[in-house]
$ cat work-v4.csv   # CSV, C-alpha atoms and all ligand atoms
chain,number,residue,atom,x,y,z
A,1,MET,CA,144.4,90.0,31.1
A,2,PRO,CA,144.7,89.1,34.8
A,3,LEU,CA,142.8,91.5,37.0
A,4,ALA,CA,145.2,93.3,39.4
A,5,TYR,CA,142.5,94.8,41.7
A,6,PRO,CA,139.3,92.9,41.7
A,7,ALA,CA,136.5,95.1,42.9
A,8,THR,CA,133.2,93.2,42.5
A,9,ALA,CA,131.8,89.7,42.8
A,10,ALA,CA,131.8,89.7,39.0
A,11,ASP,CA,135.5,90.4,38.9
A,12,TRP,CA,136.1,87.4,41.3
A,13,ARG,CA,133.9,85.3,39.1
A,14,ARG,CA,136.0,86.1,36.1
A,15,LEU,CA,139.2,85.2,38.0
A,16,ALA,CA,137.7,82.0,39.2
A,17,GLN,CA,136.8,81.1,35.6
A,18,GLN,CA,140.4,81.7,34.5
A,19,ARG,CA,141.8,79.5,37.3
A,20,LEU,CA,139.4,76.5,37.7
A,21,PRO,CA,139.0,73.5,35.5
A,22,ARG,CA,135.8,74.0,33.4
A,23,PHE,CA,133.7,71.3,35.2
A,24,LEU,CA,134.4,72.9,38.6
A,25,PHE,CA,133.7,76.4,37.5
A,26,ASP,CA,130.4,75.2,36.0
A,27,TYR,CA,129.5,73.3,39.1
A,28,ILE,CA,129.7,76.5,41.1
A,29,ASP,CA,128.3,78.9,38.5
A,30,GLY,CA,125.4,76.9,37.1
A,31,GLY,CA,121.8,76.5,38.1
A,32,ALA,CA,118.9,74.2,37.3
A,33,GLY,CA,117.1,74.0,34.0
A,34,ASP,CA,117.3,77.1,31.8
A,35,GLU,CA,118.7,79.0,34.7
A,36,ALA,CA,115.8,81.4,34.7
A,37,THR,CA,115.6,81.5,38.5
A,38,LEU,CA,119.3,81.8,38.8
A,39,ALA,CA,119.1,84.9,36.6
A,40,THR,CA,116.1,86.5,38.3
A,41,ASN,CA,117.7,86.0,41.7
A,42,VAL,CA,120.3,88.6,40.6
A,43,GLN,CA,118.1,90.7,38.2
A,44,ASP,CA,115.4,91.3,40.7
A,45,PHE,CA,117.8,93.0,43.1
A,46,CYS,CA,118.5,95.5,40.3
A,47,SER,CA,114.9,96.5,40.1
A,48,VAL,CA,114.7,97.5,43.7
A,49,ARG,CA,115.3,101.2,44.0
A,50,LEU,CA,116.4,103.0,47.1
A,51,ARG,CA,115.8,106.5,48.4
A,52,GLN,CA,118.7,108.9,48.5
A,53,ARG,CA,118.5,111.1,51.6
A,54,VAL,CA,120.6,114.1,52.4
A,55,MET,CA,121.5,116.3,55.3
A,56,VAL,CA,121.4,113.6,57.9
A,57,ASP,CA,124.3,113.3,60.4
A,58,VAL,CA,126.0,110.0,59.2
A,59,GLN,CA,129.4,110.5,60.6
A,60,GLN,CA,129.0,107.4,62.8
A,61,VAL,CA,127.7,104.5,60.7
A,62,ASP,CA,127.6,101.1,62.4
A,63,THR,CA,127.2,98.0,60.2
A,64,ARG,CA,127.3,95.6,63.2
A,65,THR,CA,124.5,93.3,64.1
A,66,ARG,CA,123.7,90.0,65.6
A,67,LEU,CA,122.8,86.9,63.6
A,68,ALA,CA,121.8,83.7,65.4
A,69,GLY,CA,122.9,85.2,68.7
A,70,GLN,CA,126.4,86.0,67.3
A,71,ASP,CA,128.0,89.4,67.0
A,72,CYS,CA,128.7,90.1,63.3
A,73,ALA,CA,130.6,93.0,61.7
A,74,MET,CA,127.7,93.2,59.2
A,75,PRO,CA,124.5,91.4,58.5
A,76,LEU,CA,126.1,88.7,56.4
A,77,ALA,CA,127.2,85.1,56.8
A,78,LEU,CA,128.9,82.7,54.3
A,79,ALA,CA,126.5,80.1,53.0
A,80,PRO,CA,127.2,76.4,53.0
A,81,VAL,CA,128.7,75.3,49.7
A,82,GLY,CA,129.4,71.6,49.0
A,83,LEU,CA,132.8,70.7,47.6
A,84,ALA,CA,134.0,74.3,48.3
A,85,GLY,CA,137.2,72.8,49.6
A,86,MET,CA,138.1,71.8,46.1
A,87,MET,CA,138.3,75.4,44.9
A,88,ALA,CA,141.5,76.2,46.7
A,89,ARG,CA,143.9,74.2,48.8
A,90,ARG,CA,142.0,73.3,52.1
A,91,GLY,CA,139.5,75.7,50.8
A,92,GLU,CA,136.8,75.8,53.6
A,93,ALA,CA,139.5,76.3,56.3
A,94,ARG,CA,140.8,79.3,54.4
A,95,ALA,CA,137.4,80.8,53.7
A,96,ALA,CA,136.5,80.3,57.4
A,97,ARG,CA,139.6,82.1,58.4
A,98,ALA,CA,138.8,85.0,56.1
A,99,ALA,CA,135.3,85.1,57.5
A,100,ALA,CA,136.6,85.2,61.1
A,101,ALA,CA,139.0,88.0,60.2
A,102,ALA,CA,136.1,89.9,58.8
A,103,GLY,CA,134.0,89.2,61.9
A,104,LEU,CA,131.4,87.1,60.1
A,105,PRO,CA,130.0,83.5,60.5
A,106,PHE,CA,131.1,80.8,58.1
A,107,THR,CA,128.7,77.8,57.4
A,108,LEU,CA,130.3,74.4,56.8
A,109,SER,CA,128.3,72.1,54.4
A,110,THR,CA,127.6,68.5,55.2
A,111,VAL,CA,129.3,67.8,52.0
A,112,GLY,CA,132.3,70.1,52.6
A,113,ILE,CA,135.8,68.7,52.1
A,114,CYS,CA,137.5,70.0,55.3
A,115,PRO,CA,136.4,68.5,58.6
A,116,LEU,CA,134.8,70.6,61.3
A,117,ASP,CA,137.9,70.4,63.5
A,118,GLU,CA,140.2,71.7,60.8
A,119,VAL,CA,137.8,74.6,60.0
A,120,THR,CA,137.4,75.4,63.7
A,121,ALA,CA,141.2,75.4,64.3
A,122,ALA,CA,141.8,77.5,61.2
A,123,ALA,CA,139.2,80.1,62.1
A,124,GLY,CA,139.8,80.1,65.8
A,125,ALA,CA,136.0,79.7,66.3
A,126,PRO,CA,133.5,77.0,65.4
A,127,PRO,CA,131.5,77.5,62.2
A,128,TRP,CA,127.8,77.2,61.8
A,129,PHE,CA,127.1,73.7,60.5
A,130,GLN,CA,124.7,72.8,57.6
A,131,LEU,CA,122.9,69.5,57.7
A,132,TYR,CA,121.3,67.4,55.0
A,133,MET,CA,119.0,64.8,56.5
A,134,LEU,CA,120.5,61.3,55.9
A,135,ARG,CA,118.5,58.0,56.0
A,136,ASP,CA,120.9,56.7,58.6
A,137,ARG,CA,119.6,58.7,61.6
A,138,SER,CA,122.4,57.4,63.8
A,139,ALA,CA,124.9,58.9,61.4
A,140,VAL,CA,123.0,62.2,61.7
A,141,GLN,CA,123.2,61.9,65.5
A,142,ALA,CA,127.0,61.2,65.4
A,143,ILE,CA,127.5,64.3,63.1
A,144,LEU,CA,125.5,66.5,65.4
A,145,HIS,CA,127.4,65.2,68.4
A,146,LYS,CA,130.7,66.1,66.7
A,147,ALA,CA,129.4,69.5,65.8
A,148,TRP,CA,128.3,70.2,69.3
A,149,ALA,CA,131.6,69.0,70.7
A,150,ALA,CA,133.5,71.2,68.3
A,151,GLY,CA,131.6,74.2,69.8
A,152,THR,CA,129.1,74.7,67.0
A,153,ARG,CA,125.8,76.2,68.3
A,154,THR,CA,124.0,77.1,65.1
A,155,LEU,CA,122.7,74.3,62.9
A,156,VAL,CA,121.4,75.2,59.4
A,157,PHE,CA,119.0,72.5,58.3
A,158,THR,CA,118.6,72.6,54.5
A,159,VAL,CA,115.1,71.5,53.3
A,160,ASP,CA,115.0,72.3,49.6
A,161,LEU,CA,117.0,69.3,48.4
A,162,PRO,CA,114.9,66.1,48.6
A,163,THR,CA,116.7,65.4,45.4
A,164,THR,CA,119.3,67.3,43.3
A,165,GLY,CA,117.9,69.7,40.7
A,166,VAL,CA,118.6,69.0,37.0
A,167,ARG,CA,121.6,71.0,36.1
A,168,HIS,CA,122.4,70.8,32.4
A,169,ARG,CA,125.9,72.3,32.7
A,170,ASP,CA,126.9,69.4,35.0
A,171,THR,CA,125.4,66.9,32.6
A,172,ARG,CA,127.4,68.4,29.7
A,173,ASN,CA,130.5,68.1,31.8
A,174,GLY,CA,130.0,64.4,32.3
A,175,MET,CA,128.5,64.7,35.8
A,176,ALA,CA,125.7,62.5,34.4
A,177,HIS,CA,122.8,63.1,36.7
A,178,GLY,CA,124.2,66.1,38.5
A,179,GLY,CA,124.5,65.8,42.2
A,180,THR,CA,127.1,64.7,44.7
A,181,ARG,CA,127.7,61.2,43.5
A,182,ALA,CA,128.2,62.3,39.9
A,183,ALA,CA,130.5,65.1,41.1
A,184,LEU,CA,132.6,62.6,43.0
A,185,LEU,CA,132.8,60.3,39.9
A,186,ARG,CA,134.0,63.2,37.8
A,187,ILE,CA,136.5,64.3,40.4
A,188,SER,CA,137.8,60.8,40.8
A,189,GLN,CA,138.4,60.8,37.0
A,190,VAL,CA,140.3,64.0,37.3
A,191,LEU,CA,142.2,62.7,40.2
A,192,ALA,CA,143.4,59.8,38.2
A,193,ARG,CA,145.6,62.2,36.4
A,194,PRO,CA,148.2,64.5,37.9
A,195,GLY,CA,146.9,68.0,37.6
A,196,TRP,CA,145.1,70.9,39.0
A,197,VAL,CA,142.8,69.2,41.5
A,198,ARG,CA,145.5,67.0,43.0
A,199,ARG,CA,148.1,69.7,43.1
A,200,VAL,CA,146.1,72.7,44.1
A,201,ALA,CA,142.9,71.6,45.7
A,202,LEU,CA,143.9,68.6,47.8
A,203,GLY,CA,147.3,69.7,48.9
A,204,GLY,CA,148.5,66.1,49.2
A,205,LYS,CA,145.6,65.0,51.4
A,206,PRO,CA,143.1,62.3,50.3
A,207,LEU,CA,139.8,63.4,48.9
A,208,THR,CA,136.9,62.8,51.3
A,209,PHE,CA,134.0,64.6,52.7
A,210,GLY,CA,135.5,65.6,56.1
A,211,ASN,CA,132.3,65.4,58.1
A,212,LEU,CA,130.9,62.3,56.6
A,213,ALA,CA,133.9,60.0,56.1
A,214,ASP,CA,133.8,58.7,59.7
A,215,GLN,CA,130.2,57.6,59.3
A,216,VAL,CA,130.8,55.4,56.4
A,217,PRO,CA,132.4,52.0,56.6
A,218,GLY,CA,135.6,52.5,54.6
A,219,GLY,CA,134.5,56.1,54.1
A,220,HIS,CA,138.0,57.4,53.5
A,221,ASP,CA,138.0,55.4,50.3
A,222,LEU,CA,136.2,57.3,47.6
A,223,ASN,CA,134.5,54.2,46.0
A,224,ALA,CA,132.9,53.1,49.3
A,225,PHE,CA,131.9,56.7,49.8
A,226,LYS,CA,130.2,57.0,46.5
A,227,ALA,CA,127.9,54.1,47.0
A,228,TRP,CA,127.0,55.3,50.5
A,229,VAL,CA,126.2,58.9,49.4
A,230,ASP,CA,123.9,57.6,46.7
A,231,ALA,CA,121.8,55.8,49.2
A,232,GLN,CA,121.7,58.4,51.9
A,233,PHE,CA,119.9,61.5,50.8
A,234,ASP,CA,116.5,61.2,52.4
A,235,ALA,CA,113.5,62.4,50.3
A,236,SER,CA,110.9,61.3,52.9
A,237,VAL,CA,111.6,64.2,55.3
A,238,THR,CA,108.6,66.2,56.5
A,239,TRP,CA,108.0,68.9,59.2
A,240,ARG,CA,107.5,66.1,61.7
A,241,ASP,CA,111.2,65.3,61.5
A,242,ILE,CA,112.0,68.7,62.8
A,243,ALA,CA,110.6,67.5,66.2
A,244,TRP,CA,113.2,64.7,66.1
A,245,LEU,CA,115.9,67.1,65.1
A,246,ARG,CA,115.0,69.4,67.9
A,247,GLN,CA,115.5,66.6,70.4
A,248,GLN,CA,119.0,66.0,69.0
A,249,TRP,CA,120.1,69.6,68.8
A,250,GLN,CA,120.0,72.0,71.8
A,251,GLY,CA,121.5,75.0,69.9
A,252,ARG,CA,119.9,77.3,67.4
A,253,LEU,CA,118.1,75.8,64.4
A,254,LEU,CA,117.8,77.7,61.2
A,255,ILE,CA,115.7,76.2,58.4
A,256,LYS,CA,117.2,77.0,55.0
A,257,GLY,CA,115.4,76.6,51.7
A,258,VAL,CA,112.0,78.2,52.4
A,259,LEU,CA,110.4,80.2,49.5
A,260,ASP,CA,106.7,80.2,50.5
A,261,ALA,CA,105.0,82.0,53.3
A,262,GLU,CA,103.0,79.0,54.4
A,263,ASP,CA,106.2,76.9,54.6
A,264,ALA,CA,107.8,79.7,56.6
A,265,ARG,CA,105.0,79.6,59.2
A,266,ALA,CA,105.3,75.8,59.3
A,267,ALA,CA,109.0,76.0,59.9
A,268,VAL,CA,108.4,78.3,62.9
A,269,ASP,CA,105.6,76.2,64.2
A,270,SER,CA,107.8,73.1,64.0
A,271,GLY,CA,110.4,74.7,66.3
A,272,ALA,CA,112.9,76.6,64.1
A,273,ASP,CA,114.6,79.7,65.6
A,274,GLY,CA,115.1,81.2,62.2
A,275,VAL,CA,114.3,80.8,58.5
A,276,VAL,CA,116.6,81.3,55.5
A,277,VAL,CA,114.6,82.3,52.4
A,278,SER,CA,116.4,80.4,49.7
A,279,ASN,CA,115.9,78.6,46.4
A,280,HIS,CA,119.4,77.0,46.7
A,281,GLY,CA,120.9,79.7,44.4
A,282,GLY,CA,118.6,78.7,41.5
A,283,ARG,CA,119.9,75.2,41.6
A,284,GLN,CA,116.8,73.3,42.4
A,285,LEU,CA,113.4,74.1,40.8
A,286,ASP,CA,113.9,76.4,37.8
A,287,GLY,CA,110.9,78.8,37.4
A,288,VAL,CA,110.4,79.5,41.1
A,289,ALA,CA,110.5,83.1,42.3
A,290,SER,CA,113.6,85.0,43.0
A,291,THR,CA,114.3,85.1,46.8
A,292,ILE,CA,114.2,88.9,47.0
A,293,ARG,CA,110.7,88.8,45.4
A,294,ALA,CA,109.6,86.1,47.8
A,295,LEU,CA,110.9,87.9,50.9
A,296,PRO,CA,108.2,90.5,51.7
A,297,ALA,CA,105.4,88.0,51.9
A,298,ILE,CA,107.5,85.8,54.2
A,299,ALA,CA,108.5,88.7,56.3
A,300,GLN,CA,104.9,89.7,56.7
A,301,ALA,CA,103.9,86.1,57.5
A,302,LEU,CA,106.5,85.9,60.3
A,303,GLY,CA,105.7,89.4,61.6
A,304,GLY,CA,109.2,90.2,62.8
A,305,GLN,CA,109.1,87.5,65.5
A,306,THR,CA,111.6,85.1,63.9
A,307,GLU,CA,115.1,85.7,62.6
A,308,LEU,CA,114.8,86.0,58.9
A,309,LEU,CA,117.7,85.5,56.5
A,310,LEU,CA,117.9,85.5,52.7
A,311,ASP,CA,120.3,84.1,50.2
A,312,GLY,CA,120.4,84.0,46.4
A,313,GLY,CA,121.6,86.7,44.1
A,314,VAL,CA,123.2,89.0,46.7
A,315,ARG,CA,126.1,90.4,44.8
A,316,SER,CA,127.1,93.6,46.7
A,317,GLY,CA,126.9,95.6,49.9
A,318,VAL,CA,124.1,97.5,48.3
A,319,ASP,CA,122.2,94.3,47.8
A,320,VAL,CA,122.6,93.5,51.5
A,321,PHE,CA,121.0,96.9,52.2
A,322,LYS,CA,118.1,96.1,49.8
A,323,ALA,CA,117.4,92.7,51.5
A,324,LEU,CA,117.2,94.5,54.9
A,325,ALA,CA,114.9,97.2,53.5
A,326,LEU,CA,112.6,94.4,52.3
A,327,GLY,CA,112.4,92.7,55.6
A,328,ALA,CA,115.5,90.4,56.2
A,329,HIS,CA,117.7,90.6,59.3
A,330,GLY,CA,120.7,89.4,57.3
A,331,VAL,CA,121.9,87.6,54.2
A,332,LEU,CA,124.0,84.6,53.3
A,333,ILE,CA,126.2,84.6,50.2
A,334,GLY,CA,127.2,81.5,48.2
A,335,ARG,CA,128.8,81.9,44.9
A,336,PRO,CA,130.6,85.2,45.6
A,337,TRP,CA,132.7,83.8,48.4
A,338,VAL,CA,133.5,80.7,46.4
A,339,TRP,CA,134.5,82.7,43.3
A,340,ALA,CA,136.8,84.8,45.6
A,341,LEU,CA,138.3,81.7,47.1
A,342,ALA,CA,139.0,80.2,43.7
A,343,GLY,CA,140.2,83.5,42.3
A,344,GLY,CA,142.3,84.7,45.2
A,345,GLY,CA,142.4,82.2,48.1
A,346,GLU,CA,142.0,83.4,51.6
A,347,SER,CA,143.0,87.0,50.8
A,348,GLY,CA,140.5,87.0,48.0
A,349,VAL,CA,137.6,86.2,50.4
A,350,ARG,CA,138.9,88.8,52.8
A,351,SER,CA,139.1,91.4,50.1
A,352,LEU,CA,135.6,90.6,48.9
A,353,LEU,CA,134.1,90.9,52.4
A,354,GLN,CA,136.0,94.1,53.2
A,355,GLY,CA,134.7,95.6,50.0
A,356,TRP,CA,131.1,94.7,50.8
A,357,GLN,CA,131.3,96.0,54.3
A,358,ARG,CA,132.5,99.3,52.9
A,359,GLU,CA,129.8,99.3,50.3
A,360,LEU,CA,127.1,98.7,52.9
A,361,ALA,CA,128.5,101.5,55.1
A,362,VAL,CA,128.5,103.9,52.1
A,363,ALA,CA,125.0,102.9,51.1
A,364,MET,CA,123.8,103.5,54.7
A,365,MET,CA,125.4,107.0,54.7
A,366,LEU,CA,123.8,107.9,51.4
A,367,ALA,CA,120.4,106.6,52.5
A,368,GLY,CA,120.7,108.6,55.7
A,369,VAL,CA,120.7,105.7,58.2
A,370,THR,CA,123.3,105.0,60.8
A,371,ARG,CA,122.3,101.6,62.3
A,372,VAL,CA,121.6,98.3,60.6
A,373,GLN,CA,118.5,97.8,62.8
A,374,ASP,CA,116.9,101.0,61.4
A,375,ILE,CA,117.1,99.9,57.7
A,376,GLY,CA,113.5,99.3,56.5
A,377,ALA,CA,110.8,99.9,54.0
A,378,GLN,CA,111.2,103.6,54.5
A,379,HIS,CA,114.4,103.4,52.5
A,380,LEU,CA,112.7,102.0,49.4
A,381,ASP,CA,111.7,104.2,46.5
A,382,GLY,CA,108.3,102.7,45.7
A,383,PRO,CA,106.5,99.5,46.6
A,384,PHE,CA,108.4,96.5,45.6
A,385,PHE,CA,107.1,92.9,45.5
A,386,GLN,CA,104.1,93.6,47.7
A,387,PRO,CA,102.7,90.5,49.3
B,401,LIG,C1,125.3,75.5,47.2
B,401,LIG,N1,124.3,75.5,48.2
B,401,LIG,C2,124.3,74.6,49.2
B,401,LIG,N2,123.4,74.7,50.2
B,401,LIG,C3,123.4,73.9,51.2
B,401,LIG,O1,122.6,74.0,52.1
B,401,LIG,N3,124.3,72.9,51.3
B,401,LIG,C4,125.2,72.7,50.3
B,401,LIG,O2,126.0,71.8,50.4
B,401,LIG,C5,125.2,73.5,49.2
B,401,LIG,N4,126.1,73.4,48.1
B,401,LIG,C6,126.1,74.3,47.2
B,401,LIG,C7,127.1,74.2,46.2
B,401,LIG,C8,127.2,75.3,45.2
B,401,LIG,C9,128.3,75.1,44.2
B,401,LIG,C10,126.4,76.4,45.3
B,401,LIG,C11,126.5,77.5,44.3
B,401,LIG,C12,125.4,76.5,46.2
B,401,LIG,C13,123.4,76.7,48.2
B,401,LIG,C14,124.0,77.9,49.0
B,401,LIG,O3,124.1,77.6,50.3
B,401,LIG,C15,123.2,79.2,48.8
B,401,LIG,O4,121.8,78.9,49.1
B,401,LIG,C16,123.2,79.8,47.4
B,401,LIG,O5,124.5,79.6,46.9
B,401,LIG,C17,122.8,81.2,47.5
B,401,LIG,O6,122.9,81.8,46.2
B,401,LIG,P1,124.1,82.7,45.6
B,401,LIG,O7,124.6,83.5,46.7
B,401,LIG,O8,125.1,81.7,45.2
B,401,LIG,O9,123.4,83.4,44.5
$ encode --input "work-v4.csv" --output "structure tokens"
Amino acid sequence: MPLAYPATAADWRRLAQQRLPRFLFDYIDGGAGDEATLATNVQDFCSVRLRQRVMVDVQQVDTRTRLAGQDCAMPLALAPVGLAGMMARRGEARAARAAAAAGLPFTLSTVGICPLDEVTAAAGAPPWFQLYMLRDRSAVQAILHKAWAAGTRTLVFTVDLPTTGVRHRDTRNGMAHGGTRAALLRISQVLARPGWVRRVALGGKPLTFGNLADQVPGGHDLNAFKAWVDAQFDASVTWRDIAWLRQQWQGRLLIKGVLDAEDARAAVDSGADGVVVSNHGGRQLDGVASTIRALPAIAQALGGQTELLLDGGVRSGVDVFKALALGAHGVLIGRPWVWALAGGGESGVRSLLQGWQRELAVAMMLAGVTRVQDIGAQHLDGPFFQP
């Protein structure tokens, strides 16, 4: 039965499952190994209990805040998701437009399909840009130059992918070793037939990674591209490379993929403006802690001095509230926006974000707090995940 009025992230997930080819749905939905970390990312939010407070004047509740120096309608940004442009026609451009309409930042992945210029034009404002370090540093420089020229001022540097995690669903779907190259191989097989991907996802345009194609000799050809991608992901990166990145990038630098308090300190010491607590949505090392569990120790290590964001398992406006109560300044969401994009296109993403903003506002009212900045440990019912 099609769902007329999707209300939750789970509803959008169900719609996405109905609409996408199996291998694409599994690519979004799946995690590494036995998917234990993927599951606990979500479950651990459920075990955080909040205090209900009454008889507080909550007529004027304000969900607005600033993230990375940008005004946001609520403390939430859309996380970078590779290949998201496959999930609906010109997908990243549509999702970015929905985010802009909701007053929220959108992050474009290095391995997104739509180029920065297209996304910027669609949204009417430049997105945040996510970077994976490539062996070819001159290609990185060229990408950063383009991002800056497009008006992007926030760079999200992802550090938890020296190699792609082992994702069994992808293996079962013929994406032999998981990862970008395997995904491309599978997609090119699908493209060889007329069907969903060609008709819906690409909208008549060629399949390329919009922000990388110019860096690759013959990069608008998928085969040339596949060989290049395979050789480019750089597993030798250390904190020392942040100094180099800092020289190339004058804007804000958020380091994404930190799960350990020591690493969070190292990120700040190496020059980051902010840290994103993340385990890549449970797609990398299965068995690591959920992000909400890891958050308090990291918040304590950073002592409120550095912008602290979290992603992984955030599935509602109430979860946004919980993340803030445990020390984050804001959250990123990955799968929920991609499910909504696949299930309902641009209006699906808009509907999801509107729903969450309302849910956050209602949570604030029922917890007796009127400003996002005032959400804190005092709203928790009991000590959770103490450092
Ligand atoms: C991701 N993520 C990701 N992160 C990144 O920095 N660059 C990328 O290209 C991708 N690609 C990607 C693809 C897919 C299909 C998923 C699900 C995730 C990780 C993403 O930014 C974020 O950290 C997680 O998705 C957060 O977890 P939730 O919200 O999906 O539970």
$ closest_residue --input "work-v4.csv" --among "A:Thr40, A:Thr65, A:Ser347, A:Ser47" --to "Val331 in chain A" --atoms "all atoms listed in the file"
A:Thr65
$ residues_near_ligand --input "work-v4.csv" --ligand "ligand LIG 401 (chain B)" --cutoff "9 Å" --atoms "only C-alpha atoms and all ligand atoms" --output "count of residues only"
57
$ closest_residue --input "work-v4.csv" --among "A:Ile242, A:Leu326, A:Leu104, A:Ala261" --to "Cys72 in chain A" --atoms "only C-alpha atoms"
A:Leu104
$ closest_residue --input "work-v4.csv" --among "A:Ile143, A:Ala361, A:Ile375, A:Val288" --to "Gly210 in chain A" --atoms "only C-alpha atoms"
A:Ile143
$ closest_residue --input "work-v4.csv" --among "A:Leu50, A:Ala93, A:Leu366, A:Val320" --to "Met74 in chain A" --atoms "only C-alpha atoms"
A:Val320
$ closest_residue --input "work-v4.csv" --among "A:Asn211, A:Arg90, A:Ala36, A:Arg153" --to "Ala289 in chain A" --atoms "only C-alpha atoms"
A:Ala36
$ atom_distance --input "work-v4.csv" --atom1 "CA of Ala340 in chain A" --atom2 "CA of Trp12 in chain A"
5.1 Å
$ closest_residue --input "work-v4.csv" --among "A:Ser316, A:Gln284, A:Asp260, A:Arg265" --to "Gly355 in chain A" --atoms "all atoms listed in the file"
A:Ser316
$ atom_distance --input "work-v4.csv" --atom1 "CA of Gly317 in chain A" --atom2 "CA of Arg13 in chain A"
16.5 Å
$ residues_around --input "work-v4.csv" --residues "Phe45 in chain A" --least-positions-apart "3" --cutoff "7 Å" --atoms "only C-alpha atoms" --output "VMD selection string"
chain A and resid 42 48 292 319
$ residues_around --input "work-v4.csv" --residues "range 348-354 of chain A" --least-positions-apart "2" --cutoff "8 Å" --atoms "all atoms listed in the file" --output "PDB file with C-alpha atoms, in the coordinates of the input"
ATOM      1  CA  ALA A   7     136.500  95.100  42.900  1.00  0.00           C
ATOM      2  CA  THR A   8     133.200  93.200  42.500  1.00  0.00           C
ATOM      3  CA  ALA A   9     131.800  89.700  42.800  1.00  0.00           C
ATOM      4  CA  ALA A  95     137.400  80.800  53.700  1.00  0.00           C
ATOM      5  CA  ALA A  98     138.800  85.000  56.100  1.00  0.00           C
ATOM      6  CA  ALA A  99     135.300  85.100  57.500  1.00  0.00           C
ATOM      7  CA  ALA A 101     139.000  88.000  60.200  1.00  0.00           C
ATOM      8  CA  ALA A 102     136.100  89.900  58.800  1.00  0.00           C
ATOM      9  CA  TRP A 337     132.700  83.800  48.400  1.00  0.00           C
ATOM     10  CA  VAL A 338     133.500  80.700  46.400  1.00  0.00           C
ATOM     11  CA  ALA A 340     136.800  84.800  45.600  1.00  0.00           C
ATOM     12  CA  LEU A 341     138.300  81.700  47.100  1.00  0.00           C
ATOM     13  CA  GLY A 343     140.200  83.500  42.300  1.00  0.00           C
ATOM     14  CA  GLY A 344     142.300  84.700  45.200  1.00  0.00           C
ATOM     15  CA  GLY A 345     142.400  82.200  48.100  1.00  0.00           C
ATOM     16  CA  GLU A 346     142.000  83.400  51.600  1.00  0.00           C
ATOM     17  CA  TRP A 356     131.100  94.700  50.800  1.00  0.00           C
ATOM     18  CA  GLN A 357     131.300  96.000  54.300  1.00  0.00           C
ATOM     19  CA  ARG A 358     132.500  99.300  52.900  1.00  0.00           C
TER      20      ARG A 358
END
$ atom_distance --input "work-v4.csv" --atom1 "CA of Arg51 in chain A" --atom2 "CA of Gly274 in chain A"
28.8 Å
